[in-house]
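Chemist: Just dropping this structure here.
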Amino acid sequence: MEKKLYTLLVFSENIAGILNQITAVFTRRQVNIESLNVSASSIQGIHKYTITAWSDKSQIEKITRQIEKKIDVVKADFYTDDQLFIHEVALFKLSTPEVMKNPEISRVIRRSDAHVLEMNPTYVAVMLGGQTEDIQRLYETLNDFGCLLQYTRSGRIAVTRSTEESVSNYLNKREREHAEQ
């Protein structure tokens with residue numbers, strides 16, 4: 001089967017050890033996590049895990065079901081890129097002498113819509129937010145100029161293109177069921 005990049009959105013209670021339980025599912029299935037971002041969600045007391053991994057559909061379905069079986073996990077779904085709004089952030093630390101010596105570096109930064117956060121005699125700190133491909137392209141260009149001192153990229157953050165949040169629908173349904181009992 002063809003492998004492609006999937007994004008899992010996992011919602012759970014904020015319980016110590018749940019991240020380890022979630023990542024263990026990938027480990028047992030020998031699927032490497034490409035990126036991982038954890039933060040509070042829009043729902044009080046619920047955290048959101050945005051996980052990307054290369055896999056085939058059958059394998060990612062199994063992983064999602066296994067994660068959803070965890071007691072502290074509220075909801076887990078997987079998505080392809082066309083089903084999501086996706087964003088990443090990268091920070092680049094560049095050599096100021098190299099940047100000053102080559103004006104093309106500044107032009108590349110401006111054309112990329114990157115932002116200079118700080119400039120001093122030693123380094124220039126630059127931030128770029130956007131798609132993985134745009135960040136990778138800027139990284140390769142700056143690296144080719146030989147001015148790159150440090151580089152880091154965040155994990156993916158994502159929201160669905162749907163007008164409704166699946167976890168909200170799930171929680172509302174669960175609440176109605178409990179009220180009927």
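By convention here, the chains of the structure tokens are called A, B, ... in the order presented, each chain's residues are numbered starting at 1, and ligands are numbered starting at 1 in the order presented.
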Do a neighbour search on region 139-149 of chain A at 12 Å with only C-alpha atoms, toss out local chain neighbours closer than 2 positions, and write the hits as an MDAnalysis selection string.

Modeler: chainID A and resid 90:109 111:112 114 122:128 132:137 151:153

Chemist: Taking 3 positions as the minimum chain separation for residues in the same chain, which residues sit within 12 Å of Arg65 (chain A) when counting only C-alpha atoms? Answer as an mmCIF file with C-alpha atoms, in the first residue's frame.

Modeler:
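Final file, selection.cif:
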```cif
data_model
loop_
_atom_site.group_PDB
_atom_site.id
_atom_site.type_symbol
_atom_site.label_atom_id
_atom_site.label_comp_id
_atom_site.auth_asym_id
_atom_site.auth_seq_id
_atom_site.Cartn_x
_atom_site.Cartn_y
_atom_site.Cartn_z
ATOM 1 C CA LEU A 8 -4.023 12.657 13.724
ATOM 2 C CA VAL A 10 -6.301 13.476 19.404
ATOM 3 C CA ILE A 22 -0.340 7.589 22.704
ATOM 4 C CA VAL A 25 0.753 2.890 19.984
ATOM 5 C CA PHE A 26 2.975 4.178 17.158
ATOM 6 C CA SER A 58 -5.167 0.677 6.902
ATOM 7 C CA GLN A 59 -2.367 1.149 9.421
ATOM 8 C CA ILE A 60 -3.420 4.702 10.386
ATOM 9 C CA GLU A 61 -7.017 3.510 10.914
ATOM 10 C CA LYS A 62 -5.754 0.825 13.330
ATOM 11 C CA GLU A 68 -9.239 6.122 20.927
ATOM 12 C CA LYS A 69 -9.533 3.057 23.204
ATOM 13 C CA LYS A 70 -7.263 4.704 25.793
ATOM 14 C CA VAL A 73 -8.641 9.877 25.251
ATOM 15 C CA VAL A 74 -11.880 11.636 24.393
ATOM 16 C CA LYS A 75 -11.675 11.488 20.575
ATOM 17 C CA ALA A 76 -9.152 10.647 17.871
ATOM 18 C CA ASP A 77 -9.442 11.158 14.114
ATOM 19 C CA PHE A 78 -7.009 11.078 11.198
#
```

Chemist: Go through A:Leu138, A:Ile18, A:Met119, A:Ala53 one by one, measure the shortest atom-to-atom distance of each to Asp81 (chain A) using only C-alpha atoms, and give the residue with the smallest value.

Modeler: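 Looking only at the distances to Asp81 (chain A), the closest residue turns out to be A:Ala53.
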
Chemist: In terms of the shortest atom-to-atom distance over only C-alpha atoms, which of A:Leu9, A:Leu84, A:Val159, A:Leu117 is closest to Tyr49 (chain A)?

Modeler: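 Closest to Tyr49 (chain A), using only C-alpha atoms: A:Leu9.
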
Chemist: Per DSSP on the backbone, what are the strand (DSSP E) residues of region 19-161 of chain A, as a PyMOL selection string?

Modeler: chain A and resi 33-40+46-55+73-79+84-95+115-119+123-130+148-153+157-160
